[in-house]
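Text of my_file25.cif (mmCIF, C-alpha atoms) as supplied:
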```
data_entry
#
loop_
_atom_site.label_atom_id
_atom_site.label_comp_id
_atom_site.auth_asym_id
_atom_site.auth_seq_id
_atom_site.Cartn_x
_atom_site.Cartn_y
_atom_site.Cartn_z
CA MET A 465 0.00 0.00 0.00
CA LEU A 466 1.50 3.13 -1.14
CA LYS A 467 1.28 6.00 1.27
CA THR A 468 0.47 9.18 -0.47
CA ILE A 469 2.38 11.93 1.03
CA LEU A 470 0.69 15.23 0.69
CA ILE A 471 3.09 18.03 0.11
CA ASP A 472 1.78 21.03 2.01
CA ASN A 473 2.96 24.22 0.28
CA LYS A 474 1.21 26.61 2.65
CA GLY A 475 2.97 28.86 5.22
CA MET A 476 6.47 30.28 5.35
CA SER A 477 9.73 28.71 6.19
CA VAL A 478 11.70 29.80 9.24
CA VAL A 479 14.30 31.53 7.11
CA GLU A 480 11.66 33.55 5.29
CA VAL A 481 10.09 34.62 8.60
CA ILE A 482 13.46 35.68 10.03
CA ILE A 483 14.35 37.64 6.90
CA THR A 484 10.95 39.39 6.87
CA PHE A 485 11.21 40.38 10.52
CA THR A 486 14.75 41.67 9.99
CA LEU A 487 13.66 43.81 7.05
CA VAL A 488 10.65 45.25 8.91
CA ALA A 489 12.78 45.97 11.99
CA THR A 490 15.41 47.77 9.88
CA ILE A 491 12.81 49.95 8.18
CA SER A 492 11.09 50.72 11.51
CA LEU A 493 14.36 51.71 13.22
CA SER A 494 15.34 53.97 10.35
CA LEU A 495 11.95 55.71 10.50
CA LEU A 496 12.05 55.91 14.31
CA ASN A 497 14.74 58.56 14.18
CA VAL A 498 12.63 60.71 11.84
CA VAL A 499 9.52 60.26 13.97
CA MET A 500 11.33 61.16 17.21
CA THR A 501 12.82 64.28 15.58
CA TYR A 502 9.38 65.49 14.55
CA LYS A 503 7.97 64.59 17.96
CA ASP A 504 10.61 66.76 19.66
CA ARG A 505 9.94 69.53 17.17
CA GLU A 506 6.21 69.32 17.82
CA GLU A 507 6.81 69.67 21.56
CA THR A 508 9.13 72.65 21.02
CA GLU A 509 6.64 74.37 18.74
CA SER A 510 3.77 73.84 21.18
CA TYR A 511 5.88 75.44 23.96
CA LYS A 512 6.69 78.38 21.68
CA GLN A 513 3.01 78.74 20.80
CA GLU A 514 2.05 78.97 24.47
CA ILE A 515 4.76 81.53 25.13
CA ILE A 516 3.68 83.66 22.16
CA SER A 517 0.07 83.46 23.31
CA TYR A 518 1.08 84.66 26.79
CA LYS A 519 3.27 87.41 25.34
CA ASN A 520 0.41 88.62 23.13
CA THR A 521 -1.99 88.70 26.09
CA ILE A 522 0.30 90.90 28.19
CA THR A 523 1.24 93.11 25.22
CA LYS A 524 -2.40 93.69 24.32
CA LEU A 525 -3.35 94.54 27.91
CA ILE A 526 -0.73 97.24 28.19
CA GLN A 527 -0.79 98.59 24.64
CA ASP A 528 -4.58 98.84 24.61
CA ASP A 529 -4.42 101.16 27.60
CA ALA A 530 -1.54 103.13 26.08
CA THR A 531 -3.45 103.68 22.83
CA LYS A 532 -6.85 104.28 24.45
CA TYR A 533 -5.59 106.77 27.00
CA ILE A 534 -2.49 109.00 27.07
CA ILE A 535 0.42 107.89 29.25
CA LYS A 536 1.20 110.96 31.33
CA SER A 537 3.99 109.65 33.56
CA ILE A 538 5.74 106.55 34.85
CA GLU A 539 6.76 106.01 38.45
CA LYS A 540 8.67 103.16 40.03
CA VAL A 541 6.68 102.05 43.07
CA SER A 542 9.05 99.43 44.41
CA GLU A 543 11.96 97.20 43.49
CA THR A 544 12.70 94.00 45.42
CA LYS A 545 16.07 92.26 45.38
CA GLY A 546 16.83 88.73 46.51
CA LYS A 547 17.93 85.28 45.54
CA LEU A 548 16.84 83.70 42.32
CA CYS A 549 15.19 80.51 43.59
CA LYS A 550 13.03 79.42 46.47
CA GLN A 551 14.81 76.14 47.21
CA TYR A 552 18.55 75.48 47.12
CA GLU A 553 20.82 72.55 47.27
CA GLY A 554 24.39 72.35 48.45
CA THR A 555 26.52 75.25 49.53
CA HIS A 556 26.25 78.70 48.11
CA PRO A 557 28.31 81.81 48.71
CA SER A 558 27.87 82.87 52.30
CA VAL A 559 28.27 86.48 51.44
CA GLU A 560 26.03 87.55 48.62
CA ASN A 561 26.86 91.05 47.54
CA THR A 562 24.79 91.23 44.44
CA LEU A 563 21.19 90.34 44.85
CA ASN A 564 19.18 90.04 41.68
CA VAL A 565 16.19 92.25 41.02
CA LEU A 566 13.24 90.00 41.64
CA SER A 567 10.35 92.32 41.04
CA TYR A 568 9.43 95.72 39.73
CA LYS A 569 6.27 97.55 40.56
CA ILE A 570 5.49 100.46 38.29
CA SER A 571 2.52 102.76 38.20
CA PHE A 572 1.72 104.71 35.12
CA VAL A 573 -0.71 107.54 35.06
CA LEU A 574 -3.08 107.60 32.14
CA THR A 575 -5.69 110.21 31.49
CA ASP A 576 -8.30 109.49 34.18
CA GLU A 577 -6.75 106.13 35.04
CA VAL A 578 -3.80 104.68 36.93
CA ARG A 579 -2.35 101.27 36.16
CA ILE A 580 0.04 99.18 38.24
CA LEU A 581 2.36 96.69 36.52
CA THR A 582 4.27 94.21 38.68
CA ILE A 583 6.81 91.76 37.28
CA ASP A 584 7.69 89.05 39.82
CA ARG A 585 10.62 86.97 38.67
CA LEU A 586 10.73 84.69 41.70
CA ASN A 587 7.12 83.61 41.46
CA ASN A 588 6.94 83.79 37.63
CA VAL A 589 3.96 86.13 37.62
CA ILE A 590 3.10 89.37 35.85
CA THR A 591 0.38 91.35 37.57
CA TYR A 592 -1.52 94.15 35.87
CA SER A 593 -4.32 96.22 37.27
CA GLU A 594 -7.41 96.13 35.13
CA THR A 595 -10.79 97.75 35.41
CA GLY A 596 -13.10 95.20 36.95
CA LYS A 597 -16.80 95.18 37.61
CA ASP A 598 -18.32 98.44 38.89
CA ASN A 599 -15.34 100.25 37.36
CA THR A 600 -13.13 99.34 40.30
CA ARG A 601 -9.48 98.60 39.74
CA GLU A 602 -8.40 95.03 40.41
CA GLU A 603 -4.95 93.53 40.18
CA VAL A 604 -5.04 90.47 37.97
CA ASP A 605 -2.28 87.86 38.07
CA HIS A 606 -0.99 86.45 34.81
CA PRO A 607 1.26 83.51 35.74
CA LEU A 608 3.69 82.22 33.15
CA PRO A 609 2.57 79.04 31.36
CA ASN A 610 3.57 75.86 33.18
CA LEU A 611 5.93 74.12 30.76
CA GLY A 612 7.51 71.66 33.14
CA THR A 613 9.71 71.74 36.22
CA SER A 614 13.42 71.15 36.43
CA SER A 615 14.38 68.99 39.43
CA LYS A 616 17.80 70.59 39.74
CA GLU A 617 19.36 73.38 37.73
CA ARG A 618 22.14 75.85 38.18
CA VAL A 619 20.85 79.41 38.04
CA GLY A 620 23.57 82.00 38.48
CA LYS A 621 25.47 81.02 41.62
CA TYR A 622 22.72 78.82 42.99
CA GLU A 623 21.93 75.17 42.57
CA CYS A 624 18.18 75.57 42.43
CA VAL A 625 15.81 72.73 43.19
CA LYS A 626 12.35 72.27 41.66
CA ILE A 627 12.59 75.35 39.53
CA PRO A 628 10.07 76.03 36.71
CA SER A 629 11.50 75.24 33.29
CA LEU A 630 10.05 78.45 31.83
CA ARG A 631 11.01 81.56 33.72
CA ILE A 632 11.84 85.23 33.32
CA SER A 633 15.56 85.53 32.49
CA ASP A 634 15.83 89.31 32.53
CA MET A 635 13.54 92.31 32.70
CA SER A 636 13.75 96.04 32.34
CA ILE A 637 11.24 98.86 32.60
CA LYS A 638 12.36 102.35 31.74
CA GLU A 639 11.48 105.73 30.39
CA GLU A 640 13.76 106.72 27.51
CA ASN A 641 13.55 109.74 25.21
CA GLY A 642 9.85 110.24 25.88
CA PHE A 643 9.00 106.54 25.46
CA PHE A 644 7.88 103.94 27.96
CA LYS A 645 9.71 100.64 27.39
CA VAL A 646 9.11 97.23 28.91
CA ASP A 647 11.48 94.38 28.01
CA ILE A 648 11.00 90.92 29.51
CA ASN A 649 12.96 87.96 28.17
CA PHE A 650 12.12 84.35 28.88
CA TYR A 651 14.28 81.28 29.37
CA HIS A 652 13.40 77.61 28.99
CA ASN A 653 15.90 74.88 29.84
CA LYS A 654 15.06 72.79 26.74
CA VAL A 655 13.99 75.33 24.13
CA LYS A 656 16.17 78.14 22.85
CA LEU A 657 14.08 81.30 23.03
CA GLU A 658 15.25 84.24 20.98
CA ASN A 659 14.36 87.82 21.71
CA ARG A 660 11.23 87.62 19.59
CA TYR A 661 9.59 85.36 22.19
CA GLY A 662 9.96 87.99 24.90
CA ILE A 663 7.68 90.86 25.77
CA HIS A 664 8.85 94.13 24.21
CA ILE A 665 6.42 96.96 24.67
CA ILE A 666 7.20 100.48 23.59
CA ALA A 667 4.75 103.36 23.72
CA PRO A 668 5.15 107.16 23.65
CA ILE A 669 4.54 109.25 26.76
CA ASN A 670 2.42 112.40 26.55
CA PHE A 671 1.76 111.94 22.86
CA THR A 672 -1.04 114.22 21.69
CA MET B 1377 5.91 18.51 -12.03
CA LYS B 1378 3.54 21.11 -10.77
CA LYS B 1379 3.91 24.66 -11.94
CA ASN B 1380 4.32 27.05 -9.03
CA ASN B 1381 1.89 29.95 -9.58
CA LYS B 1382 2.67 31.74 -6.32
CA GLY B 1383 4.47 35.08 -6.07
CA PHE B 1384 4.61 38.08 -8.37
CA VAL B 1385 6.10 38.53 -11.74
CA LEU B 1386 8.74 41.21 -12.13
CA VAL B 1387 6.44 43.57 -14.03
CA GLU B 1388 3.80 43.52 -11.30
CA THR B 1389 6.45 44.27 -8.66
CA LEU B 1390 7.83 47.16 -10.67
CA VAL B 1391 4.39 48.67 -11.29
CA VAL B 1392 3.49 48.55 -7.60
CA SER B 1393 6.87 50.04 -6.58
CA VAL B 1394 6.52 52.90 -9.05
CA ALA B 1395 2.96 53.62 -7.87
CA ILE B 1396 3.99 53.73 -4.20
CA ALA B 1397 7.03 55.91 -4.98
CA ALA B 1398 4.79 58.32 -6.93
CA ILE B 1399 2.34 58.62 -4.01
CA PHE B 1400 5.14 59.33 -1.52
CA SER B 1401 6.76 61.93 -3.79
CA VAL B 1402 3.42 63.74 -4.18
CA ILE B 1403 2.95 63.79 -0.41
CA TYR B 1404 6.54 64.99 0.16
CA THR B 1405 6.42 67.80 -2.42
CA ASN B 1406 3.18 69.09 -0.93
CA ILE B 1407 4.25 69.05 2.72
CA VAL B 1408 7.82 70.41 2.58
CA PRO B 1409 6.88 73.76 0.89
CA VAL B 1410 4.28 74.31 3.64
CA LEU B 1411 7.06 74.35 6.25
CA GLY B 1412 9.02 76.90 4.21
CA GLU B 1413 5.90 79.01 3.70
CA TYR B 1414 5.28 79.08 7.46
CA GLU B 1415 8.82 80.31 8.14
CA LYS B 1416 8.41 82.97 5.45
CA VAL B 1417 5.18 84.42 6.86
CA GLU B 1418 6.22 84.20 10.52
CA PRO B 1419 7.46 87.83 10.65
CA TYR B 1420 4.32 89.19 8.97
CA ASP B 1421 1.81 91.12 11.07
CA ASP B 1422 3.05 90.04 14.51
CA LEU B 1423 1.42 91.91 17.39
CA ASP B 1424 4.36 94.14 18.30
CA THR B 1425 4.73 95.39 14.72
CA LYS B 1426 0.97 95.89 14.39
CA TYR B 1427 1.05 98.24 17.36
CA ILE B 1428 4.03 100.08 15.86
CA ALA B 1429 2.01 100.53 12.64
CA HIS B 1430 -0.90 101.78 14.74
CA TRP B 1431 1.34 104.33 16.52
CA MET B 1432 2.55 105.57 13.12
CA ARG B 1433 -1.07 105.86 12.04
CA MET B 1434 -1.73 108.04 15.09
CA LEU B 1435 1.31 110.16 14.20
CA VAL B 1436 0.01 110.69 10.66
CA ILE B 1437 -3.51 111.58 11.82
CA LYS B 1438 -2.56 113.77 14.79
CA GLN B 1439 0.59 115.46 13.53
CA GLY B 1440 0.48 115.34 9.75
CA ASN B 1441 0.50 118.88 8.34
CA ASN B 1442 -1.19 120.38 5.26
CA LYS B 1443 1.63 119.28 2.95
CA LEU B 1444 1.08 115.70 4.02
CA SER B 1445 -2.66 116.10 3.42
CA VAL B 1446 -1.88 117.21 -0.15
CA GLU B 1447 0.29 114.12 -0.68
CA LEU B 1448 -2.38 111.85 0.77
CA GLY B 1449 -4.93 113.47 -1.52
CA LYS B 1450 -2.98 112.03 -4.46
CA LEU B 1451 -3.55 108.47 -3.24
CA SER B 1452 -6.75 107.98 -5.19
CA PRO B 1453 -8.05 104.41 -5.63
CA ASN B 1454 -5.91 102.43 -8.09
CA SER B 1455 -3.47 105.33 -8.46
CA ASN B 1456 0.26 104.77 -8.89
CA ASN B 1457 1.10 107.24 -6.15
CA TYR B 1458 2.51 106.45 -2.75
CA PHE B 1459 4.24 108.26 0.10
CA GLU B 1460 7.45 106.86 1.55
CA ILE B 1461 10.01 107.55 4.25
CA LYS B 1462 13.02 105.24 4.38
CA LYS B 1463 16.10 104.80 6.49
CA ASN B 1464 19.14 104.57 4.23
CA LYS B 1465 20.77 101.40 5.54
CA LYS B 1466 23.63 101.62 3.05
CA GLU B 1467 25.04 104.80 4.61
CA THR B 1468 27.84 104.48 7.12
CA THR B 1469 26.98 107.21 9.62
CA GLU B 1470 23.83 107.44 11.71
CA GLU B 1471 23.22 110.99 10.59
CA LYS B 1472 23.23 110.04 6.91
CA ARG B 1473 21.09 106.99 7.56
CA PHE B 1474 18.44 109.26 9.07
CA GLN B 1475 18.83 112.03 6.48
CA GLU B 1476 15.66 111.24 4.52
CA ILE B 1477 13.69 110.68 7.72
CA THR B 1478 14.81 114.03 9.13
CA ASN B 1479 14.02 115.90 5.91
CA LYS B 1480 10.56 114.42 5.48
CA CYS B 1481 9.64 114.78 9.14
CA ASN B 1482 10.55 118.46 8.91
CA GLN B 1483 8.52 118.81 5.74
CA TYR B 1484 5.36 116.83 6.49
CA PHE B 1485 4.81 116.78 10.25
CA THR B 1486 4.02 119.56 12.71
CA ASN B 1487 6.38 118.19 15.37
CA SER B 1488 9.42 116.90 13.52
CA TYR B 1489 11.22 115.90 16.74
CA THR B 1490 8.37 113.53 17.66
CA CYS B 1491 8.33 112.14 14.12
CA ILE B 1492 12.09 111.47 14.08
CA ASN B 1493 11.88 109.99 17.58
CA PHE B 1494 9.15 107.59 16.47
CA PHE B 1495 11.37 106.29 13.66
CA LYS B 1496 14.34 105.92 15.98
CA GLN B 1497 12.63 104.36 18.98
CA PHE B 1498 10.47 101.97 16.96
CA ASN B 1499 13.43 101.09 14.66
CA ILE B 1500 11.36 101.66 11.54
CA THR B 1501 13.42 101.19 8.38
CA LYS B 1502 10.63 101.75 5.82
CA PHE B 1503 7.34 103.56 6.07
CA TYR B 1504 4.80 103.73 3.27
CA ILE B 1505 1.35 105.24 2.83
CA VAL B 1506 -0.32 103.69 -0.19
CA PRO B 1507 -3.81 103.49 -1.71
CA TYR B 1508 -6.06 101.11 0.19
CA ASN B 1509 -6.33 98.49 -2.53
CA ILE B 1510 -2.73 97.47 -3.32
CA SER B 1511 -3.82 94.56 -5.48
CA GLY B 1512 -5.33 97.09 -7.85
CA LEU B 1513 -1.81 98.14 -8.79
CA THR B 1514 -0.58 95.69 -11.37
CA GLY B 1515 2.47 95.29 -13.57
CA ASN B 1516 4.85 98.21 -13.38
CA ALA B 1517 2.59 100.39 -11.23
CA GLY B 1518 4.47 102.77 -8.96
CA PHE B 1519 4.38 101.21 -5.51
CA LYS B 1520 4.83 97.59 -6.52
CA LYS B 1521 7.70 98.45 -8.88
CA GLN B 1522 9.35 100.46 -6.14
CA VAL B 1523 9.06 97.53 -3.75
CA LYS B 1524 10.42 95.15 -6.40
CA ASP B 1525 13.49 97.28 -7.08
CA ASP B 1526 14.02 97.98 -3.40
CA PHE B 1527 17.44 96.64 -2.44
CA GLY B 1528 16.64 93.33 -4.15
CA ASP B 1529 16.17 91.51 -0.84
CA TYR B 1530 13.39 89.10 -1.71
CA PRO B 1531 11.21 88.10 -0.05
CA GLY B 1532 11.68 91.22 2.09
CA LEU B 1533 9.02 93.86 1.71
CA GLN B 1534 8.12 92.59 -1.76
CA GLY B 1535 7.24 89.19 -0.29
CA TYR B 1536 5.07 90.84 2.33
CA VAL B 1537 3.25 93.06 -0.17
CA ASP B 1538 2.67 90.07 -2.46
CA SER B 1539 1.19 88.14 0.46
CA LEU B 1540 -1.37 90.82 1.31
CA PRO B 1541 -4.94 89.91 0.40
CA LYS B 1542 -7.09 91.82 -2.06
CA TYR B 1543 -8.70 94.67 -0.21
CA ASN B 1544 -11.77 95.29 -2.30
CA LYS B 1545 -13.94 96.96 0.32
CA GLY B 1546 -13.51 100.69 0.21
CA SER B 1547 -11.32 100.42 -2.86
CA LYS B 1548 -13.31 103.16 -4.56
CA ALA B 1549 -13.65 105.37 -1.50
CA THR B 1550 -11.51 108.46 -1.15
CA ASN B 1551 -9.49 109.26 1.96
CA TYR B 1552 -9.09 105.54 2.45
CA TYR B 1553 -5.48 104.42 2.48
CA ARG B 1554 -3.05 101.98 3.99
CA ILE B 1555 0.09 102.30 6.10
CA ILE B 1556 2.87 99.70 5.74
CA VAL B 1557 5.87 99.56 8.05
CA GLU B 1558 9.07 97.56 8.03
CA VAL B 1559 10.72 97.25 11.46
CA GLU B 1560 14.16 95.94 12.31
CA ARG B 1561 14.22 93.88 15.51
CA ASN B 1562 17.03 92.38 17.56
CA ASN B 1563 16.76 88.62 17.68
CA ASP B 1564 19.10 88.19 20.56
CA LEU B 1565 20.07 90.83 23.05
CA LYS B 1566 23.56 89.36 23.39
CA ASN B 1567 24.26 89.45 19.68
CA SER B 1568 23.13 92.73 18.20
CA GLU B 1569 24.04 91.60 14.67
CA ASP B 1570 21.42 88.89 14.84
CA ASN B 1571 18.52 90.95 13.51
CA TYR B 1572 15.28 90.04 11.87
CA THR B 1573 12.73 92.16 10.08
CA THR B 1574 9.00 92.28 10.64
CA TYR B 1575 6.19 93.87 8.65
CA ALA B 1576 2.68 95.09 9.36
CA THR B 1577 -0.08 97.09 7.75
CA VAL B 1578 -3.02 99.08 9.09
CA GLU B 1579 -5.75 100.94 7.28
CA VAL B 1580 -6.75 104.56 7.66
CA ASN B 1581 -10.30 105.69 7.06
CA GLU B 1582 -12.80 108.21 8.43
CA ARG B 1583 -13.98 105.91 11.21
CA VAL B 1584 -10.43 105.40 12.47
CA LYS B 1585 -9.68 109.12 12.26
CA ASN B 1586 -12.79 109.96 14.27
CA TYR B 1587 -11.87 107.41 16.93
CA ILE B 1588 -8.29 108.71 17.25
CA ASN B 1589 -9.40 112.34 17.34
CA ARG B 1590 -12.21 111.77 19.87
#
```
Structure encoded using structure tokens:
Amino acid sequence: MLKTILIDNKGMSVVEVIITFTLVATISLSLLNVVMTYKDREETESYKQEIISYKNTITKLIQDDATKYIIKSIEKVSETKGKLCKQYEGTHPSVENTLNVLSYKISFVLTDEVRILTIDRLNNVITYSETGKDNTREEVDHPLPNLGTSSKERVGKYECVKIPSLRISDMSIKEENGFFKVDINFYHNKVKLENRYGIHIIAPINFT
Amino acid sequence: MKKNNKGFVLVETLVVSVAIAAIFSVIYTNIVPVLGEYEKVEPYDDLDTKYIAHWMRMLVIKQGNNKLSVELGKLSPNSNNYFEIKKNKKETTEEKRFQEITNKCNQYFTNSYTCINFFKQFNITKFYIVPYNISGLTGNAGFKKQVKDDFGDYPGLQGYVDSLPKYNKGSKATNYYRIIVEVERNNDLKNSEDNYTTYATVEVNERVKNYINR
């Protein structure tokens, strides 16, 4: 009795399976680099978008008042100096001669209105007085967007702990040649922020 | 011996490969220019420059003298006329760079010191007042030709003007014109040579004038 042996031609051999997997893995790894690059870029662009949105909000608040009313004068209300972070690690210079400017409080007199602008570098907040309900003046906080926290980072001479990734790097408010100028630059530990991402407000004083 | 009919013939493989390659190339050529286009329009009409254009509009309305009114009267709809004040970037000294600005501020504004100060403090390199409907100026019409010949730095101001939409509303109205500014900004405070240029436009009409002069 002859046994008929059926030759089964279905399926793949082991070698074919191994070669296929190797090819797919190679293609996937080569594309992974491209995908990760665009993922990082997407994250960077979303951070920049939030910063621009915040910058535009503050700029509009101040410029709207400057264009609606006339800025008559600027007066520095207070200036606070101190250390750049709330929590430290390790040793730091025992004698600190130069304390950084942490906040400015400025009042500017408009026709029939007074506005107070406070820039607080330590707490990452810009406060601006706005006309609230019943025409009363209320100080409204505009905290910087929360774009992550750095567990440990060197800021100036300090080893800061749990410091926000996005913070105010430098700020200046001045009156120059009949113009009121506000310059606030931001810093993020992962994203390089050029000057264009800072707040740069310039408006004439007593312009009629 | 059985004939093995599995697999693909070479022609089928080639046809499929060509089709997939064509699809990917179409996708690629459509996406990559979009990224370049975004980078090109990024400096157009940002908020800071818009406010600078608005301040210049206030300067024109509040401190423009009769001579300026005569010049603005020539900006009829679809005319080839325009009014310009430019900083001469090619000059070596600050005084010469501001020569045209100083002369025209003296000639067309009641308070020339304020006018010159606006140009200096806002870092305005080019200032134009043109008819409202720029798209109505075609071919070698005055303003567009001027922009095209202007220092040859495309896209520059030419790119911005080309990107502006057609402003049909009010195109036939008189006393309806447009202000265009070019502003030089510092990209990085630490490196003053790292500059970038932004552009903005605002319109001027009776409603705006009444609001500013309220």
Rank A:Phe643, A:Tyr622, A:Phe650, A:Tyr568 by their smallest atom-to-atom distance to chain B, using all atoms listed in the file, and report the top residue only.
->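 Using all atoms listed in the file, chain B sits closest to A:Phe643.
Look at A:His606: the protein and nucleic acid residues within 9 Å of it, using all atoms listed in the file and passing over chain neighbours fewer than 3 places away, are Tyr518, Ile522, Asn588, Val589, Ile590, Thr591, Tyr592 and Pro609 of chain A.
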The PyMOL selection byres ((chain A) within 9 of (chain B)) on the file shown: which residues, as a PyMOL selection string?
-> chain A and resi 520+523-524+527+531-532+640-643+657-660+663-668+671-672
Residues from last step as file, C-alpha atoms, as an mmCIF file, in the frame of the given file:
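And here is the file that came out, selection39.cif:
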```cif
data_model
loop_
_atom_site.group_PDB
_atom_site.id
_atom_site.type_symbol
_atom_site.label_atom_id
_atom_site.label_comp_id
_atom_site.auth_asym_id
_atom_site.auth_seq_id
_atom_site.Cartn_x
_atom_site.Cartn_y
_atom_site.Cartn_z
ATOM 1 C CA ASN A 520 0.410 88.620 23.130
ATOM 2 C CA THR A 523 1.240 93.110 25.220
ATOM 3 C CA LYS A 524 -2.400 93.690 24.320
ATOM 4 C CA GLN A 527 -0.790 98.590 24.640
ATOM 5 C CA THR A 531 -3.450 103.680 22.830
ATOM 6 C CA LYS A 532 -6.850 104.280 24.450
ATOM 7 C CA GLU A 640 13.760 106.720 27.510
ATOM 8 C CA ASN A 641 13.550 109.740 25.210
ATOM 9 C CA GLY A 642 9.850 110.240 25.880
ATOM 10 C CA PHE A 643 9.000 106.540 25.460
ATOM 11 C CA LEU A 657 14.080 81.300 23.030
ATOM 12 C CA GLU A 658 15.250 84.240 20.980
ATOM 13 C CA ASN A 659 14.360 87.820 21.710
ATOM 14 C CA ARG A 660 11.230 87.620 19.590
ATOM 15 C CA ILE A 663 7.680 90.860 25.770
ATOM 16 C CA HIS A 664 8.850 94.130 24.210
ATOM 17 C CA ILE A 665 6.420 96.960 24.670
ATOM 18 C CA ILE A 666 7.200 100.480 23.590
ATOM 19 C CA ALA A 667 4.750 103.360 23.720
ATOM 20 C CA PRO A 668 5.150 107.160 23.650
ATOM 21 C CA PHE A 671 1.760 111.940 22.860
ATOM 22 C CA THR A 672 -1.040 114.220 21.690
#
```
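With only C-alpha atoms as the atoms that count, the minimum distance from B:Asn1479 to the choices B:Val1387, B:Ile1396, B:Ile1461, B:Phe1495 is reached by B:Ile1461.
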Around all of stretch 1501-1508 of chain B's listed atoms, make the axis-aligned box with 3 Å on each side and tell me centre and edge lengths in Å to one decimal, as JSON.
```
{"center_x": 3.7, "center_y": 103.2, "center_z": 3.3, "size_x": 25.5, "size_y": 10.1, "size_z": 16.1}
```
Find the spatial neighbours of A:Ser615, counting only C-alpha atoms, within a cut-off of 9 Å - ignore same-chain residues fewer than 3 positions away - and output them as a PyMOL selection string.
-> chain A and resi 624-628
Identify all residues satisfying the PyMOL selection byres ((chain B and resi 1505-1508) around 6) in the given file; provide them as a VMD selection string.
-> chain B and resid 1451 1453 1458 to 1459 1504 1509 1552 to 1555
Cut-off 10 Å around (16.1, 106.3, 7.9) with all atoms listed in the file: residues as a ChimeraX atom specification = /B:1461-1465,1467,1470-1478,1492,1495-1496,1499-1503
Which of these residues is nearest to A:Val646, using all atoms listed in the file: A:Asn587, A:Thr484, A:Thr613, A:Thr582?
-> A:Thr582
Can you work out the spacing between atom CA of A:Leu630 and atom CA of A:Arg579 in Å, to one decimal?
->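 Atom CA of A:Arg579 lies at a distance of 26.3 Å from atom CA of A:Leu630.
Separating atom CA of B:Ile1556 from atom CA of B:Lys1416 is a distance of 17.6 Å.
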d(atom CA of A:Leu608, atom CA of A:Ala530) in Å =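 Between atom CA of A:Leu608 and atom CA of A:Ala530 the gap is 22.7 Å.
For the choices B:Arg1583, B:Val1436, B:Leu1390, B:Lys1382, the atom-to-atom distance to A:Lys474 is smallest for B:Lys1382 when using all atoms listed in the file.
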Evaluate the PyMOL selection byres ((chain A and resi 655) around 9) and record the selected residues as a list in words, following the chain and residue labels used in the document.
->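 Checking the PyMOL selection byres ((chain A and resi 655) around 9) against this file, the residues are Thr508, Tyr511, Lys512, Tyr651, His652, Asn653, Lys654, Lys656 and Leu657 of chain A.
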The residue from B:Glu1447, B:Glu1413, B:Glu1560, B:Glu1460 with the smallest atom-to-atom distance to B:Thr1425, counting only C-alpha atoms, is B:Glu1560
